[in-house]
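Since the structure comes first, as structure tokens, the remarks are kept for the end.
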Amino acid sequence: MLRTLDPKDWKNQDHYAVLGLPHLRYKATQKQIKAAHKSIVLKHHPDKRKAAGEQIVEGDNDYFTCITKAIEILSDPVKRRAFDSVDPTFDNSVPSKSEGKENFFEVFAPVFERNARWSSKKHGPSLGTMDSSFEEVDNFYSFWYNFDSWREFSYLDEEEKEKAECRDERRWIEKQNRASRAQRKKEEMNRIRTLVDTAYGCDPRIKKFKEEEKARKEAEKKAKAEAKKREQEEKERVRQAELEAARLAKEKEEEEARQAALQAKKEKEIQKKAFKKERQKLRTTCKNWNYFADSEADGVKMMEEVEKLCDRLELTSLQSLNEILASASKEDSKAAVEKQVEEVNAQLQKEKDAEVQARQAARSAEQASGGAGGGKGWNEDDLQLLIKAVNLFPAGTNARWEVIANYMNLHSTSGMKRTAKDVINKAKNLQKLDPVQKDEINRKAYEKFKKEHTSVPPSIDNALPSERFDGNTAPWTTEEQKLLEQALKTYPVSTPERWEKIAVAVPGRSKKDCMKRYKELVEMVKAKKAAQEQVAAKNKK
């Protein structure tokens, strides 16, 4: 075989086969390599063959050059590692999925064992068996997915930098070699990744683990749902118990309240009967004594006083008085009754005096507040005008109270000139009035408005009969006002039969009502603007 080798193609030869170590290959030791080389040199050295009469080819063209190259490569650890990386006898094939699914362990176990020689880490995990634990399987695939290969492809460099004629050419050769090695390294790692992915997809243990994990999650989910259901049931039970306890407590409270009410009612009835009894007893006793009077007029007067005692005296006082009357003489009884009458009349007089004083104080305060505006009185027309102005110029109006005072001075018929201070004081007094007084003022205002708007002379009434008798004199509500404003926006001046359509949009109001209300609003806006302009002019001065 050695004689057939081409010395010029030494790079593509199997160096282990040249030295007669094809069975050991990368497992051969340096001692075995040197012994094999010595043996083959003694047999094929050119001097030996020449002494035997063999024709020797001069220079590097003799096949002995292949032996020299083989020992040169295999005796150098770096060069031998480069050659081992591209071992021509190594099987780089990856089993297909169809092959792996049928006999997974028989197919993939030798492949992983074969490729484990490239691992930088010694004693990597084995593929295992069907009975391997999850941790063992996970450790195996973690090792191969993070596989660190020492395999490199410098032996396959197409150009040798030692042959370069200059530094630039040597750099270019190095660049080309690095790119070629990187590409082959990338292809090698893709091959390993494909092997691991294929094995992972065919591994029956992975399928088993996934099914077990799915079953575990389903069990956890079911247990969690049952626990949640039990928790909800417990919450519902507690809630129902609380509701039941609340219901019982409420029933107990209602029962206690009912019993208390019954007891109070009984006590009230007892007290009422006792009052009735004592009052009747007092009336009877006084009647029997002819009301301690000698004449009919005195008797009637005393009868009124006795009724006053029946109304004013407490139960204990009535009982005490009746006890005195039951055991005393007529004169003593008369004195006792007269004494009680005097006390009751004194109390009534005291209450009456207090009420009179309260009324006088209220009247004095009202007069004082009314006179605070420079001693100028306020009639009903001025009060109505003030209320109207306050509503017309709401809070937030610039120089509000000056505007309201000017508005009143323009429209008041009393001739009184009001200042902002007068208006503020009177507005505060109106706010202090009780609801009854406010309602009375508003009622009078409405009656005045109704009177003014219904007393139109027949001679100037040119409206149609349907408009004359269908008019609604009731005040405009807020809702009606909103509907009117929206209708005015919806139907502009150019709309045909505008006021008929506006009247339809405001239920309960006729065409005449809508037109009259519109004129009132225009006048109010004009008056408001005039008052504001007058205040602005004063401020400028």
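Residues are named by chain letter and number: chains run A, B, ... in the order of the structure tokens, numbers start at 1 in each chain, and ligands are numbered from 1 in the order shown.
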
Identify, on the basis of only C-alpha atoms, every residue whose closest approach to Tyr155 (chain A) does not exceed 8 Å; exclude the query and any residue fewer than 3 positions from it along the same chain; express the result as a short mmCIF file (atom, residue, chain, number, x, y, z; two decimals) with C-alpha atoms, in the first residue's frame.
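Generated output (out_4.cif):
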```cif
data_model
loop_
_atom_site.label_atom_id
_atom_site.label_comp_id
_atom_site.auth_asym_id
_atom_site.auth_seq_id
_atom_site.Cartn_x
_atom_site.Cartn_y
_atom_site.Cartn_z
CA LYS A 79 -0.56 18.98 14.48
CA ALA A 82 -5.56 19.27 14.00
CA PHE A 83 -5.46 15.98 12.04
CA VAL A 86 -10.73 16.06 10.53
#
```

Quick one: everything within 8 Å of region 36-45 of chain A, counting only C-alpha atoms, minus sequence neighbours fewer than 2 positions away in the same chain. Send it as a ChimeraX atom specification.
/A:19-21,32-34,47-49,64,67,71

Residues just named, written with C-alpha atoms as a CSV table (one decimal), in the first residue's frame:
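part-v5.csv was written with the following content:
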```
chain,number,residue,atom,x,y,z
A,19,LEU,CA,2.3,3.9,10.2
A,20,GLY,CA,0.2,0.7,10.5
A,21,LEU,CA,-2.1,2.0,13.3
A,32,GLN,CA,3.0,3.1,20.1
A,33,ILE,CA,3.5,5.7,17.4
A,34,LYS,CA,7.3,5.7,17.7
A,47,ASP,CA,19.1,3.0,2.0
A,48,LYS,CA,17.7,-0.4,2.8
A,49,ARG,CA,15.8,-0.6,-0.4
A,64,PHE,CA,9.1,7.4,2.0
A,67,ILE,CA,6.2,8.1,6.2
A,71,ILE,CA,5.5,10.8,11.9
```

Which distance in Å separates CA of Ile502 (chain A) and CA of Ala487 (chain A), to one decimal?
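Result for CA of Ile502 (chain A) versus CA of Ala487 (chain A): 5.4 Å, one decimal.
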
Write out as an MDAnalysis selection string which residues come within 10 Å of Leu195 (chain A) when counting only C-alpha atoms, dropping same-chain ones fewer than 5 positions away.
chainID A and resid 93:97 108 111:112 115 144:145 189:190 200

Go ahead and write the selection's residues with N, CA and C atoms as a PDB file, in the first residue's frame.
```
ATOM      1  N   SER A  93     -22.531  11.656  10.379  1.00  0.00           N
ATOM      2  CA  SER A  93     -23.958  11.577  10.053  1.00  0.00           C
ATOM      3  C   SER A  93     -24.821  11.718  11.312  1.00  0.00           C
ATOM      4  N   VAL A  94     -26.081  12.225  11.112  1.00  0.00           N
ATOM      5  CA  VAL A  94     -27.066  12.400  12.191  1.00  0.00           C
ATOM      6  C   VAL A  94     -28.293  11.559  11.846  1.00  0.00           C
ATOM      7  N   PRO A  95     -28.761  10.697  12.763  1.00  0.00           N
ATOM      8  CA  PRO A  95     -29.933   9.853  12.467  1.00  0.00           C
ATOM      9  C   PRO A  95     -31.164  10.725  12.208  1.00  0.00           C
ATOM     10  N   SER A  96     -32.056  10.206  11.390  1.00  0.00           N
ATOM     11  CA  SER A  96     -33.307  10.922  11.109  1.00  0.00           C
ATOM     12  C   SER A  96     -34.333  10.626  12.203  1.00  0.00           C
ATOM     13  N   LYS A  97     -35.425  11.409  12.188  1.00  0.00           N
ATOM     14  CA  LYS A  97     -36.468  11.214  13.192  1.00  0.00           C
ATOM     15  C   LYS A  97     -37.157   9.861  13.046  1.00  0.00           C
ATOM     16  N   PHE A 108     -29.443   6.259  18.892  1.00  0.00           N
ATOM     17  CA  PHE A 108     -28.779   7.485  19.324  1.00  0.00           C
ATOM     18  C   PHE A 108     -27.658   7.265  20.334  1.00  0.00           C
ATOM     19  N   VAL A 111     -24.274   7.186  18.623  1.00  0.00           N
ATOM     20  CA  VAL A 111     -23.979   8.468  17.976  1.00  0.00           C
ATOM     21  C   VAL A 111     -23.458   9.465  18.997  1.00  0.00           C
ATOM     22  N   PHE A 112     -24.137   9.545  20.140  1.00  0.00           N
ATOM     23  CA  PHE A 112     -23.677  10.464  21.183  1.00  0.00           C
ATOM     24  C   PHE A 112     -22.328  10.018  21.751  1.00  0.00           C
ATOM     25  N   ASN A 115     -19.667  11.106  19.227  1.00  0.00           N
ATOM     26  CA  ASN A 115     -19.419  12.541  19.185  1.00  0.00           C
ATOM     27  C   ASN A 115     -18.886  13.087  20.501  1.00  0.00           C
ATOM     28  N   TRP A 144     -25.451  18.618  26.320  1.00  0.00           N
ATOM     29  CA  TRP A 144     -25.312  18.644  24.870  1.00  0.00           C
ATOM     30  C   TRP A 144     -25.794  19.963  24.254  1.00  0.00           C
ATOM     31  N   TYR A 145     -26.780  20.617  24.876  1.00  0.00           N
ATOM     32  CA  TYR A 145     -27.202  21.929  24.362  1.00  0.00           C
ATOM     33  C   TYR A 145     -26.152  23.003  24.652  1.00  0.00           C
ATOM     34  N   MET A 189     -21.065  22.972  14.801  1.00  0.00           N
ATOM     35  CA  MET A 189     -21.973  23.228  15.919  1.00  0.00           C
ATOM     36  C   MET A 189     -23.430  23.079  15.486  1.00  0.00           C
ATOM     37  N   ASN A 190     -23.734  23.462  14.241  1.00  0.00           N
ATOM     38  CA  ASN A 190     -25.092  23.243  13.729  1.00  0.00           C
ATOM     39  C   ASN A 190     -25.411  21.753  13.644  1.00  0.00           C
ATOM     40  N   TYR A 200     -33.932  14.966  21.126  1.00  0.00           N
ATOM     41  CA  TYR A 200     -34.905  15.486  22.097  1.00  0.00           C
ATOM     42  C   TYR A 200     -36.334  15.268  21.591  1.00  0.00           C
TER      43      TYR A 200
END
```

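Within the 10 Å cut-off around Ala274 (chain A), using only C-alpha atoms and omitting residues fewer than 6 positions from it on the same chain, the listed residues are Lys268, Gln280, Leu315, Leu318 and Gln319 of chain A.
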
Excluding Gln271 (chain A) and residues on its chain fewer than 6 positions from it, collect all residues at most 12 Å away from it, counting only C-alpha atoms, and give them as an MDAnalysis selection string.
chainID A and resid 263:265 277:279 314:316

Write out as a ChimeraX atom specification each polymer residue whose atoms come within 12 Å of His411 (chain A), counting only C-alpha atoms; drop sequence neighbours fewer than 6 positions from it.
/A:381-382,384-386,388-389,404-405,417-418,523-524,527-528,530-531

List as a ChimeraX atom specification the protein and nucleic acid residues near Phe147 (chain A), meaning an atom at most 10 Å away when only C-alpha atoms are counted, but skip any in the same chain fewer than 2 places from it.
/A:116,118-121,124,141-145,149-150,189,192-193,196

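Using only C-alpha atoms, the nearest neighbour of Arg80 (chain A) within the list A:Ala28, A:Cys286, A:Met515, A:Val356 is A:Ala28.
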
Pick from A:Gln360, A:Thr477, A:Ser132, A:Ser154, whichever lies nearest to Arg184 (chain A) using only C-alpha atoms:
A:Ser154

Between CA of Glu342 (chain A) and CA of Lys276 (chain A), what is the spacing in Å?
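Separation of CA of Lys276 (chain A) and CA of Glu342 (chain A): 22.5 Å.
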
Give me, please, the distance in Å between CA of Lys273 (chain A) and CA of Val341 (chain A), quoted to one decimal.
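Value for the CA of Lys273 (chain A)-CA of Val341 (chain A) distance: 23.1 Å.
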